[in-house]
Every structure is written in C-alpha cells, then in structure tokens.
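K.L.:
If it helps, the file is called target31.cif and holds mmCIF, C-alpha atoms:
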```
data_run
#
loop_
_atom_site.group_PDB
_atom_site.id
_atom_site.type_symbol
_atom_site.label_atom_id
_atom_site.label_comp_id
_atom_site.auth_asym_id
_atom_site.auth_seq_id
_atom_site.Cartn_x
_atom_site.Cartn_y
_atom_site.Cartn_z
ATOM 1 C CA MET A 9 118.971 68.829 115.566
ATOM 2 C CA ARG A 10 120.264 66.464 112.925
ATOM 3 C CA ARG A 11 119.866 62.757 113.398
ATOM 4 C CA PRO A 12 120.564 59.684 111.249
ATOM 5 C CA LEU A 13 117.486 58.237 109.624
ATOM 6 C CA ALA A 14 116.527 54.617 109.845
ATOM 7 C CA GLY A 15 117.791 52.681 106.851
ATOM 8 C CA SER A 16 120.267 55.384 105.912
ATOM 9 C CA HIS A 17 122.598 52.956 104.152
ATOM 10 C CA GLN A 18 120.888 50.610 101.732
ATOM 11 C CA GLY A 19 123.207 49.518 98.944
ATOM 12 C CA GLN A 20 124.332 52.673 97.119
ATOM 13 C CA VAL A 21 121.479 54.773 98.528
ATOM 14 C CA THR A 22 122.270 57.314 101.233
ATOM 15 C CA LYS A 23 119.624 59.358 102.990
ATOM 16 C CA ILE A 24 120.551 62.807 104.265
ATOM 17 C CA TRP A 25 120.869 63.379 108.032
ATOM 18 C CA TYR A 26 117.954 65.775 108.422
ATOM 19 C CA THR A 27 114.560 65.331 109.977
ATOM 20 C CA VAL A 28 111.591 65.152 107.656
ATOM 21 C CA GLU A 29 110.200 68.239 109.399
ATOM 22 C CA GLN A 30 113.228 70.299 108.376
ATOM 23 C CA ARG A 31 112.845 69.244 104.762
ATOM 24 C CA PHE A 32 109.131 70.003 104.846
ATOM 25 C CA ALA A 33 109.889 73.434 106.272
ATOM 26 C CA LEU A 34 111.637 74.326 103.042
ATOM 27 C CA SER A 35 108.393 74.062 101.100
ATOM 28 C CA SER A 36 106.751 76.753 103.229
ATOM 29 C CA MET A 37 109.627 79.232 103.366
ATOM 30 C CA VAL A 38 109.127 80.864 99.981
ATOM 31 C CA ASP A 39 106.200 82.139 97.988
ATOM 32 C CA SER A 40 106.786 80.292 94.735
ATOM 33 C CA MET A 41 108.548 77.240 93.417
ATOM 34 C CA PRO A 42 111.727 77.832 91.351
ATOM 35 C CA ASP A 43 111.242 77.149 87.657
ATOM 36 C CA ILE A 44 112.581 73.649 86.941
ATOM 37 C CA ALA A 45 112.380 72.044 83.498
ATOM 38 C CA TRP A 46 110.796 68.728 84.477
ATOM 39 C CA GLN A 47 110.389 66.019 81.822
ATOM 40 C CA GLN A 48 107.375 63.784 82.449
ATOM 41 C CA HIS A 49 106.998 60.140 81.511
ATOM 42 C CA ASN A 50 103.827 58.701 82.976
ATOM 43 C CA ASN A 51 104.175 59.229 86.747
ATOM 44 C CA VAL A 52 107.936 59.861 86.693
ATOM 45 C CA TYR A 53 109.460 63.350 86.426
ATOM 46 C CA THR A 54 113.149 63.954 85.694
ATOM 47 C CA ALA A 55 115.267 67.098 85.503
ATOM 48 C CA SER A 56 118.947 67.901 85.058
ATOM 49 C CA ILE A 57 120.172 70.131 87.888
ATOM 50 C CA ALA A 58 123.801 70.962 88.671
ATOM 51 C CA ASN A 59 125.151 68.151 86.442
ATOM 52 C CA LEU A 60 123.014 65.610 88.283
ATOM 53 C CA ARG A 61 119.594 64.113 87.618
ATOM 54 C CA ALA A 62 116.619 64.581 89.908
ATOM 55 C CA VAL A 63 113.818 62.022 89.763
ATOM 56 C CA ILE A 64 110.403 62.365 91.393
ATOM 57 C CA THR A 65 107.901 59.527 91.188
ATOM 58 C CA GLU A 66 104.236 60.099 91.966
ATOM 59 C CA GLN A 67 102.986 57.037 93.844
ATOM 60 C CA HIS A 68 99.279 57.059 93.083
ATOM 61 C CA ASP A 69 98.442 54.112 95.324
ATOM 62 C CA THR A 70 99.558 56.032 98.434
ATOM 63 C CA ALA A 71 99.062 59.607 97.123
ATOM 64 C CA THR A 72 102.688 60.384 98.003
ATOM 65 C CA CYS A 73 105.930 60.995 96.143
ATOM 66 C CA ALA A 74 109.367 59.410 96.141
ATOM 67 C CA ALA A 75 112.451 61.436 95.251
ATOM 68 C CA ARG A 76 116.016 60.575 94.414
ATOM 69 C CA ILE A 77 119.161 62.156 93.007
ATOM 70 C CA GLU A 78 121.253 60.271 90.468
ATOM 71 C CA THR A 79 124.527 60.739 88.669
ATOM 72 C CA ALA A 80 124.528 60.986 84.886
ATOM 73 C CA ASP A 81 125.328 57.230 84.871
ATOM 74 C CA GLY A 82 122.197 56.420 86.854
ATOM 75 C CA GLU A 83 123.837 55.794 90.239
ATOM 76 C CA THR A 84 121.512 56.801 93.075
ATOM 77 C CA LEU A 85 123.221 59.157 95.503
ATOM 78 C CA HIS A 86 120.329 60.102 97.781
ATOM 79 C CA ALA A 87 116.701 59.057 98.097
ATOM 80 C CA TRP A 88 113.707 59.741 100.302
ATOM 81 C CA GLU A 89 110.156 58.482 100.527
ATOM 82 C CA PRO A 90 107.386 59.014 101.235
ATOM 83 C CA LEU A 91 107.011 62.736 100.643
ATOM 84 C CA PRO A 92 103.513 64.201 100.908
ATOM 85 C CA ASP A 93 103.367 66.090 97.597
ATOM 86 C CA PHE A 94 105.296 67.109 94.505
ATOM 87 C CA GLU A 95 106.245 70.540 95.862
ATOM 88 C CA THR A 96 107.782 69.083 99.012
ATOM 89 C CA ALA A 97 109.625 66.497 96.921
ATOM 90 C CA THR A 98 111.013 69.277 94.730
ATOM 91 C CA TRP A 99 112.280 71.216 97.731
ATOM 92 C CA TRP A 100 113.819 68.056 99.155
ATOM 93 C CA VAL A 101 115.667 67.600 95.863
ATOM 94 C CA LEU A 102 116.966 71.169 95.848
ATOM 95 C CA ALA A 103 118.011 71.135 99.505
ATOM 96 C CA THR A 104 119.793 67.835 99.058
ATOM 97 C CA MET A 105 121.532 69.151 95.931
ATOM 98 C CA VAL A 106 123.034 71.905 98.087
ATOM 99 C CA GLU A 107 124.529 69.266 100.372
ATOM 100 C CA VAL A 108 125.788 67.259 97.407
ATOM 101 C CA GLU A 109 127.627 70.348 96.111
ATOM 102 C CA GLN A 110 129.488 70.589 99.401
ATOM 103 C CA THR A 111 130.588 66.953 99.328
ATOM 104 C CA LEU A 112 131.789 67.096 95.712
ATOM 105 C CA ASP A 113 134.280 69.893 96.397
ATOM 106 C CA LYS A 114 136.093 68.906 99.584
ATOM 107 C CA HIS A 115 138.727 71.646 99.242
ATOM 108 C CA ASN A 116 136.181 74.452 98.945
ATOM 109 C CA PRO A 117 132.812 73.022 100.002
ATOM 110 C CA TYR A 118 131.086 76.409 100.273
ATOM 111 C CA GLN A 119 132.162 77.764 96.891
ATOM 112 C CA ARG A 120 128.681 77.523 95.363
ATOM 113 C CA MET A 121 127.070 79.140 98.408
ATOM 114 C CA PHE A 122 129.530 82.015 98.173
ATOM 115 C CA GLU A 123 128.801 82.419 94.452
ATOM 116 C CA THR A 124 125.115 82.778 95.321
ATOM 117 C CA LEU A 125 125.833 85.267 98.126
ATOM 118 C CA ASP A 126 127.951 87.306 95.684
ATOM 119 C CA LEU A 127 125.045 87.297 93.231
ATOM 120 C CA CYS A 128 122.738 88.467 96.029
ATOM 121 C CA LYS A 129 125.117 91.312 96.841
ATOM 122 C CA ALA A 130 125.189 92.363 93.190
ATOM 123 C CA LYS A 131 121.392 92.443 93.076
ATOM 124 C CA LEU A 132 121.155 94.284 96.401
ATOM 125 C CA PHE A 133 123.814 96.849 95.601
ATOM 126 C CA ALA A 134 121.704 99.281 93.564
ATOM 127 C CA THR A 135 118.505 99.358 95.601
ATOM 128 C CA ALA A 136 118.918 97.964 99.112
ATOM 129 C CA HIS A 137 120.146 99.474 102.351
ATOM 130 C CA PRO A 138 123.935 98.880 102.607
ATOM 131 C CA VAL A 139 123.470 97.029 105.923
ATOM 132 C CA HIS A 140 122.128 94.052 103.942
ATOM 133 C CA LEU A 141 125.457 93.813 102.100
ATOM 134 C CA GLN A 142 127.314 93.932 105.415
ATOM 135 C CA ARG A 143 125.004 91.290 106.882
ATOM 136 C CA LEU A 144 125.726 88.962 103.956
ATOM 137 C CA GLU A 145 129.441 89.304 104.713
ATOM 138 C CA TYR A 146 128.813 88.347 108.349
ATOM 139 C CA ILE A 147 126.731 85.380 107.144
ATOM 140 C CA ARG A 148 129.562 84.329 104.818
ATOM 141 C CA HIS A 149 131.965 84.417 107.771
ATOM 142 C CA TRP A 150 129.505 82.436 109.925
ATOM 143 C CA ILE A 151 129.169 79.683 107.317
ATOM 144 C CA VAL A 152 132.900 79.016 107.537
ATOM 145 C CA THR A 153 133.588 79.626 111.227
ATOM 146 C CA ARG A 154 130.171 79.233 112.959
ATOM 147 C CA SER A 155 131.248 82.198 115.115
ATOM 148 C CA THR A 156 128.786 84.896 116.190
ATOM 149 C CA GLN A 157 129.012 88.248 117.906
ATOM 150 C CA GLU A 158 126.815 87.298 120.888
ATOM 151 C CA ARG A 159 129.315 88.270 123.609
ATOM 152 C CA GLU A 160 130.257 91.492 121.856
ATOM 153 C CA LEU A 161 126.584 92.464 121.587
ATOM 154 C CA ALA A 162 125.852 91.578 125.220
ATOM 155 C CA ASP A 163 128.745 93.792 126.398
ATOM 156 C CA GLU A 164 127.418 96.710 124.363
ATOM 157 C CA TRP A 165 123.897 96.344 125.724
ATOM 158 C CA ARG A 166 125.120 96.372 129.320
ATOM 159 C CA GLN A 167 126.739 99.737 128.630
ATOM 160 C CA ARG A 168 123.706 101.345 126.992
ATOM 161 C CA THR A 169 121.969 104.073 128.980
ATOM 162 C CA THR A 170 118.238 104.426 129.497
ATOM 163 C CA GLU A 171 118.290 107.576 127.376
ATOM 164 C CA GLU A 172 119.862 105.707 124.450
ATOM 165 C CA GLN A 173 117.071 103.129 124.551
ATOM 166 C CA LYS A 174 114.277 105.721 124.762
ATOM 167 C CA PRO A 175 112.005 105.606 121.676
ATOM 168 C CA THR A 176 111.470 108.694 119.529
ATOM 169 C CA ALA A 177 108.233 109.882 117.943
ATOM 170 C CA LEU A 178 107.449 108.608 114.454
ATOM 171 C CA ASP A 179 105.340 110.659 112.059
ATOM 172 C CA TRP A 180 102.694 108.110 111.089
ATOM 173 C CA GLN A 181 100.523 108.896 108.053
ATOM 174 C CA ALA A 182 97.068 107.488 107.332
ATOM 175 C CA LEU A 183 97.112 105.151 104.346
ATOM 176 C CA ASN A 184 93.422 104.273 104.567
ATOM 177 C CA THR A 185 90.832 103.775 107.298
ATOM 178 C CA THR A 186 92.758 100.946 108.998
ATOM 179 C CA ASP A 187 96.421 101.340 108.017
ATOM 180 C CA TRP A 188 99.083 103.809 109.148
ATOM 181 C CA TYR A 189 102.490 103.980 107.507
ATOM 182 C CA ILE A 190 105.884 105.613 107.536
ATOM 183 C CA ASP A 191 108.565 105.200 104.875
ATOM 184 C CA THR A 192 111.951 104.204 106.253
ATOM 185 C CA PRO A 193 115.364 103.272 104.809
ATOM 186 C CA HIS A 194 114.400 99.600 105.345
ATOM 187 C CA GLY A 195 111.027 99.791 103.617
ATOM 188 C CA ARG A 196 107.537 100.927 104.476
ATOM 189 C CA ALA A 197 106.505 100.313 108.093
ATOM 190 C CA ILE A 198 102.782 99.685 108.493
ATOM 191 C CA ILE A 199 100.523 99.401 111.519
ATOM 192 C CA ARG A 200 97.055 98.007 110.843
ATOM 193 C CA GLU A 201 94.014 98.247 113.055
ATOM 194 C CA LEU A 202 92.187 94.937 113.271
ATOM 195 C CA ARG A 203 88.527 95.688 113.788
ATOM 196 C CA PRO A 204 86.621 92.471 114.475
ATOM 197 C CA ASP A 205 82.905 92.041 114.006
ATOM 198 C CA LYS A 206 80.590 92.553 116.946
ATOM 199 C CA SER A 207 80.671 89.893 119.630
ATOM 200 C CA LEU A 208 77.848 87.487 120.324
ATOM 201 C CA PHE A 209 76.508 89.949 122.891
ATOM 202 C CA GLY A 210 76.201 92.748 120.342
ATOM 203 C CA HIS A 211 79.181 94.752 121.546
ATOM 204 C CA ALA A 212 82.205 95.573 119.451
ATOM 205 C CA SER A 213 85.307 93.603 120.376
ATOM 206 C CA THR A 214 88.589 95.270 121.246
ATOM 207 C CA ILE A 215 90.582 96.753 118.375
ATOM 208 C CA LYS A 216 94.031 95.207 118.027
ATOM 209 C CA HIS A 217 97.071 96.263 116.058
ATOM 210 C CA MET A 218 99.500 94.330 113.899
ATOM 211 C CA ALA A 219 102.701 95.697 112.384
ATOM 212 C CA TRP A 220 105.223 94.843 109.715
ATOM 213 C CA ILE A 221 107.959 96.329 107.539
ATOM 214 C CA ALA A 222 107.522 95.811 103.792
ATOM 215 C CA HIS A 223 110.644 95.880 101.629
ATOM 216 C CA PRO A 224 110.235 97.018 97.992
ATOM 217 C CA SER A 225 111.232 93.506 96.878
ATOM 218 C CA GLY A 226 108.069 92.137 98.479
ATOM 219 C CA ALA A 227 109.779 90.602 101.507
ATOM 220 C CA THR A 228 108.221 91.467 104.869
ATOM 221 C CA TYR A 229 109.394 91.569 108.474
ATOM 222 C CA GLU A 230 106.344 90.917 110.649
ATOM 223 C CA TRP A 231 105.692 91.549 114.317
ATOM 224 C CA ASN A 232 104.965 88.146 115.836
ATOM 225 C CA THR A 233 102.086 89.345 118.001
ATOM 226 C CA THR A 234 99.254 91.881 118.164
ATOM 227 C CA SER A 235 98.355 94.483 120.775
ATOM 228 C CA ILE A 236 95.410 96.645 121.767
ATOM 229 C CA ASP A 237 97.941 99.467 122.185
ATOM 230 C CA PHE A 238 98.988 101.351 119.023
ATOM 231 C CA MET A 239 102.100 102.544 120.844
ATOM 232 C CA ALA A 240 103.217 98.954 121.470
ATOM 233 C CA ALA A 241 103.223 98.387 117.709
ATOM 234 C CA ASP A 242 105.012 101.722 117.267
ATOM 235 C CA ALA A 243 107.652 100.648 119.817
ATOM 236 C CA TRP A 244 108.223 97.375 117.931
ATOM 237 C CA VAL A 245 108.716 99.255 114.670
ATOM 238 C CA GLN A 246 111.201 101.634 116.265
ATOM 239 C CA GLN A 247 113.190 98.859 117.934
ATOM 240 C CA THR A 248 113.229 96.793 114.755
ATOM 241 C CA LEU A 249 114.416 99.726 112.632
ATOM 242 C CA ARG A 250 117.244 100.407 115.104
ATOM 243 C CA GLU A 251 118.299 96.770 115.181
ATOM 244 C CA LEU A 252 118.110 96.368 111.399
ATOM 245 C CA ASP A 253 120.983 98.840 111.219
ATOM 246 C CA ASP A 254 123.190 96.263 112.968
ATOM 247 C CA PRO A 255 124.475 93.620 110.501
ATOM 248 C CA ARG A 256 125.944 91.203 113.041
ATOM 249 C CA VAL A 257 124.998 87.532 113.243
ATOM 250 C CA THR A 258 123.507 86.655 116.617
ATOM 251 C CA GLU A 259 120.475 84.742 117.851
ATOM 252 C CA HIS A 260 118.813 88.025 118.859
ATOM 253 C CA PHE A 261 119.178 89.327 115.296
ATOM 254 C CA LEU A 262 117.818 86.170 113.651
ATOM 255 C CA GLY A 263 114.776 88.099 112.424
ATOM 256 C CA ASN A 264 117.059 90.632 110.723
ATOM 257 C CA ILE A 265 119.038 87.836 109.102
ATOM 258 C CA THR A 266 115.893 86.128 107.843
ATOM 259 C CA PHE A 267 114.633 89.451 106.464
ATOM 260 C CA THR A 268 117.825 89.965 104.445
ATOM 261 C CA LEU A 269 117.766 86.410 103.101
ATOM 262 C CA ASN A 270 114.067 86.689 102.211
ATOM 263 C CA ILE A 271 114.900 89.826 100.226
ATOM 264 C CA CYS A 272 117.585 87.818 98.429
ATOM 265 C CA VAL A 273 115.114 85.061 97.566
ATOM 266 C CA ARG A 274 112.777 87.649 96.073
ATOM 267 C CA LEU A 275 115.565 89.187 94.003
ATOM 268 C CA LEU A 276 116.685 85.753 92.781
ATOM 269 C CA ALA A 277 113.227 84.887 91.441
ATOM 270 C CA ASP A 278 114.207 85.763 87.861
ATOM 271 C CA GLU A 279 117.395 83.663 87.900
ATOM 272 C CA PRO A 280 117.228 80.639 85.555
ATOM 273 C CA ASP A 281 119.281 78.450 87.928
ATOM 274 C CA PRO A 282 116.976 77.239 90.745
ATOM 275 C CA MET A 283 119.980 76.340 92.881
ATOM 276 C CA HIS A 284 120.536 79.980 93.846
ATOM 277 C CA SER A 285 117.206 80.167 95.684
ATOM 278 C CA ALA A 286 117.803 76.707 97.139
ATOM 279 C CA ARG A 287 121.193 77.753 98.551
ATOM 280 C CA VAL A 288 119.721 80.832 100.228
ATOM 281 C CA GLU A 289 116.930 78.751 101.751
ATOM 282 C CA TYR A 290 119.507 76.199 102.908
ATOM 283 C CA ILE A 291 121.608 78.928 104.557
ATOM 284 C CA LYS A 292 118.497 80.287 106.241
ATOM 285 C CA GLU A 293 117.605 76.815 107.521
ATOM 286 C CA MET A 294 121.117 76.361 108.921
ATOM 287 C CA LEU A 295 121.002 79.683 110.750
ATOM 288 C CA GLU A 296 117.512 79.076 112.154
ATOM 289 C CA THR A 297 118.595 75.628 113.357
ATOM 290 C CA VAL A 298 122.023 76.451 114.798
ATOM 291 C CA LEU A 299 121.677 79.959 116.244
ATOM 292 C CA PRO A 300 118.813 79.458 118.767
#
```
Spit out the file's structure as structure tokens when you get a sec.

P.N.:
Amino acid sequence: MRRPLAGSHQGQVTKIWYTVEQRFALSSMVDSMPDIAWQQHNNVYTASIANLRAVITEQHDTATCAARIETADGETLHAWEPLPDFETATWWVLATMVEVEQTLDKHNPYQRMFETLDLCKAKLFATAHPVHLQRLEYIRHWIVTRSTQERELADEWRQRTTEEQKPTALDWQALNTTDWYIDTPHGRAIIRELRPDKSLFGHASTIKHMAWIAHPSGATYEWNTTSIDFMAADAWVQQTLRELDDPRVTEHFLGNITFTLNICVRLLADEPDPMHSARVEYIKEMLETVLP
C-alpha cells in the first residue's frame, strides 16, 4: 500500500508516496538496465529524460546514492536518499518520471502510458499470440477505470463441468537427458527433471520437476513450485496454456498479465527512449499492488 514518507515536503522537494521496497522491486523486475546517456562529473551523474534532468550522486562516505529530478531551470521536483546502489537509483528515477508525466498532463494523465502500450501492440502484432494484444486492451481499460472481470470469471467457473476441466494428454518430446518440451502457441513449454546429488547416506535423493513456458522473446512464465510427480508439472502446463487464452484482467490471471508485460519489456529493449520500459514496469507494479 502507498503511504506518505517522513519529510515528504521540504521546501520545493517532494518525495513520492511509495515505499522504498516498491521502488527497489523495480530494479529486480527486468534483466537489463535501459540505455541512458549519463554525463559524469566526479561523483555526480546527470541525464536528460523526458524534458527533465535526472541527477544521481554517489555518496562515497556511506556507499549509497542520492537521486533527484529537476526541471531544466534546476528546480528540484522529487528526491530520495539513501538508495543502495546506482542501478536502484536509476530505476527510482525512471519510475518517478512516469508519475511526473501523469501530473504534467492533468487532462490526459495516461497519454504516455497509452503511447507505450500502442508501441507494444505494434511490436507484438507480427509475432505474438493475438491474446496478448487483447490483454493489453484490457490493461488499458483497467488503468483508466480500475475495473476487473472478477465477478464475470467467477460466474463462468461455477458453470464449468468436470469434463470441461479434465486435462488432455500432451505429446512431450525429449530435449535432452533432463528436459522434456512441447511447442505451443504461447511458446515452448518445458519440464525439467532435477536430479540432486546423492544424500549424506549414499542414497539418491528424490527427483523433482520444475516447469516453465518460454516465449520466443526470452520472457518466461515459471511454475512457482516443484513436484516429484511429472504429471503435476504437466497439469500446471495444461492449466496455464488454457488460462493464457483468456485476456481478462483479474487477480487470478495476474501471472498471465505479468507474462504479457514481460514480453513487452523484452521487445522494447531496442527502443532508444528508456521511458517505454519504465512505463511498462510501472504498469506491472500497479497491477501487482492493486489486484491482489
């Protein structure tokens, strides 16, 4: 949940109403840092982003960083310290820039987000399953209305028969000595046997299985557990593939939503404007915070 931070109004400096943990989470959500043209002067780094200036100062005495966002005239709009490292400070800057964009355009605060979602749709159009395009439209609607399809989904599930929920057989192929795979419209599904070393008593430990779906972009949808039963992993793959075909925005489908947005982040990696990736990460953070 959001909460005001201590010292949130000091002169012209305003600190954003997010917990430090939420800001830190941004630094672990993606595989690589967007390319930002930082200019270094001693321990101070500056960059022009979205007509504003970002400033990160490395504080060597405390081994931390301080970050702030300024106007072109040098007025400080937002600031935060301490931040544990340069990468976290950079993600704080980008996330805060997304909020600044919304405050600068009061008549259409989500315009920039929608421009990024449109860019994602253009990149997805040629190669991705069409459900991702539909899901982005549902996400766009959610950003404005905060409405979900929870009740609609619950009504449908109550009407489903046992036969409709019965899994079907998948034709798994051996990829190597530990991995089994099947190619699907949502990417390659893989089940891996985890074969641990012998136990302290000289006996082999139990084999477990992990599973995930790998999209061609490099994004993955991972099973959040392991099982000694291959068929349990198979059942998770089948259920996930069925549910990925549903584009609606609900708490139950949060994994599907995250998968689509992670694909978008991957496809945006070659964009020169780092704000596109930052907006997608911001949207993902909002959904993961509000939906549960």

K.L.:
Do you know which residues are at most 7 Å from segment 224-233 of chain A counting all atoms listed in the file, after dropping those on the same chain fewer than 2 positions away, and could you put them as a VMD selection string?

P.N.:
chain A and resid 195 218 to 222 235 267 270 to 271 274 to 275

K.L.:
For Tyr189 of chain A, work out the shell of residues within 12 Å, counting only C-alpha atoms and skipping chain neighbours fewer than 6 positions away, then give it as a list in words.

P.N.:
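The filter keeps Leu178, Asp179, Trp180, Gln181, Ala182, Leu183, Gly195, Arg196, Ala197, Ile198, Ile199, Arg200, Glu201, Met218, Ala219, Trp220, Ile221, Ala222, Ala241, Asp242 and Val245 of chain A.
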
K.L.:
Figure out the distance between atom CA of His284 of chain A and atom CA of Met121 of chain A, please, to one decimal in Å.

P.N.:
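Atom-to-atom, atom CA of Met121 of chain A to atom CA of His284 of chain A, that is 8.0 Å.
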
K.L.:
Select, from A:Glu259, A:Asp187, A:Glu78, A:Glu293, the residue with the minimum atom-to-atom distance to Glu158 of chain A, counting only C-alpha atoms.

P.N.:
A:Glu259

K.L.:
Provide the atom CA of Leu125 of chain A to atom CA of Leu102 of chain A distance in Å, to one decimal place.

P.N.:
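Those two atoms sit 16.8 Å apart.
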
K.L.:
Which one of A:Val106, A:Ile64, A:Ile77, A:Ala130 sits closest to Ser285 of chain A if you count all atoms listed in the file?

P.N.:
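Answer, going by the shortest atom-to-atom distance: A:Val106.
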
K.L.:
Can you tell me which residues surround Gln48 of chain A at a distance of at most 12 Å, considering all atoms listed in the file, apart from same-chain residues fewer than 2 positions away, and format the answer as a compact mmCIF listing (two decimals) with C-alpha atoms, keeping the file's coordinate frame?

P.N.:
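Output (selection26.txt):
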```
# COMPACT_ATOMS: atom_id res chain seq x y z
CA ALA A 45 112.38 72.04 83.50
CA TRP A 46 110.80 68.73 84.48
CA ASN A 50 103.83 58.70 82.98
CA ASN A 51 104.18 59.23 86.75
CA VAL A 52 107.94 59.86 86.69
CA TYR A 53 109.46 63.35 86.43
CA THR A 54 113.15 63.95 85.69
CA ALA A 55 115.27 67.10 85.50
CA ALA A 62 116.62 64.58 89.91
CA VAL A 63 113.82 62.02 89.76
CA ILE A 64 110.40 62.36 91.39
CA THR A 65 107.90 59.53 91.19
CA GLU A 66 104.24 60.10 91.97
```

K.L.:
Please enumerate the residues selected by the PyMOL selection byres ((chain A and resi 57) around 9) when evaluated against the supplied file, formatted as a PDB file with C-alpha atoms, keeping the file's coordinate frame.

P.N.:
```
ATOM      1  CA  ILE A  44     112.581  73.649  86.941  1.00  0.00           C
ATOM      2  CA  ALA A  55     115.267  67.098  85.503  1.00  0.00           C
ATOM      3  CA  SER A  56     118.947  67.901  85.058  1.00  0.00           C
ATOM      4  CA  ALA A  58     123.801  70.962  88.671  1.00  0.00           C
ATOM      5  CA  ASN A  59     125.151  68.151  86.442  1.00  0.00           C
ATOM      6  CA  LEU A  60     123.014  65.610  88.283  1.00  0.00           C
ATOM      7  CA  ARG A  61     119.594  64.113  87.618  1.00  0.00           C
ATOM      8  CA  ALA A  62     116.619  64.581  89.908  1.00  0.00           C
ATOM      9  CA  LEU A 102     116.966  71.169  95.848  1.00  0.00           C
ATOM     10  CA  MET A 105     121.532  69.151  95.931  1.00  0.00           C
ATOM     11  CA  ASP A 281     119.281  78.450  87.928  1.00  0.00           C
ATOM     12  CA  PRO A 282     116.976  77.239  90.745  1.00  0.00           C
ATOM     13  CA  MET A 283     119.980  76.340  92.881  1.00  0.00           C
TER      14      MET A 283
END
```

K.L.:
Calculated over all atoms listed in the file, which of the candidates A:Glu296, A:Asp237, A:Glu83, A:Glu289 has the smallest distance to Ala103 of chain A?

P.N.:
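For Ala103 of chain A, the nearest of the candidates is A:Glu289.
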
K.L.:
Report the distance between atom CA of Ala80 of chain A and atom CA of Leu127 of chain A in Å, rounded to one decimal place.

P.N.:
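Separation between atom CA of Ala80 of chain A and atom CA of Leu127 of chain A: 27.6 Å.
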
K.L.:
Between A:Ala277, A:Leu299, A:Met294, A:Cys272, which one has atoms that come closest to Lys131 of chain A, using all atoms listed in the file?

P.N.:
A:Cys272

K.L.:
Compile the contact shell of Val152 of chain A as a PyMOL selection string: residues with an atom at most 12 Å away, counting only C-alpha atoms, same-chain residues fewer than 5 positions apart removed.

P.N.:
chain A and resi 116-119+121-122+145-147+291

K.L.:
Produce the centre coordinates and the three edge lengths, each in Å to one decimal, of the box along x, y and z that contains all listed atoms of segment 91-107 of chain A with 4 Å added on each side, as JSON.

P.N.:
```
{"center_x": 113.9, "center_y": 67.3, "center_z": 97.7, "size_x": 29.2, "size_y": 17.2, "size_z": 14.4}
```
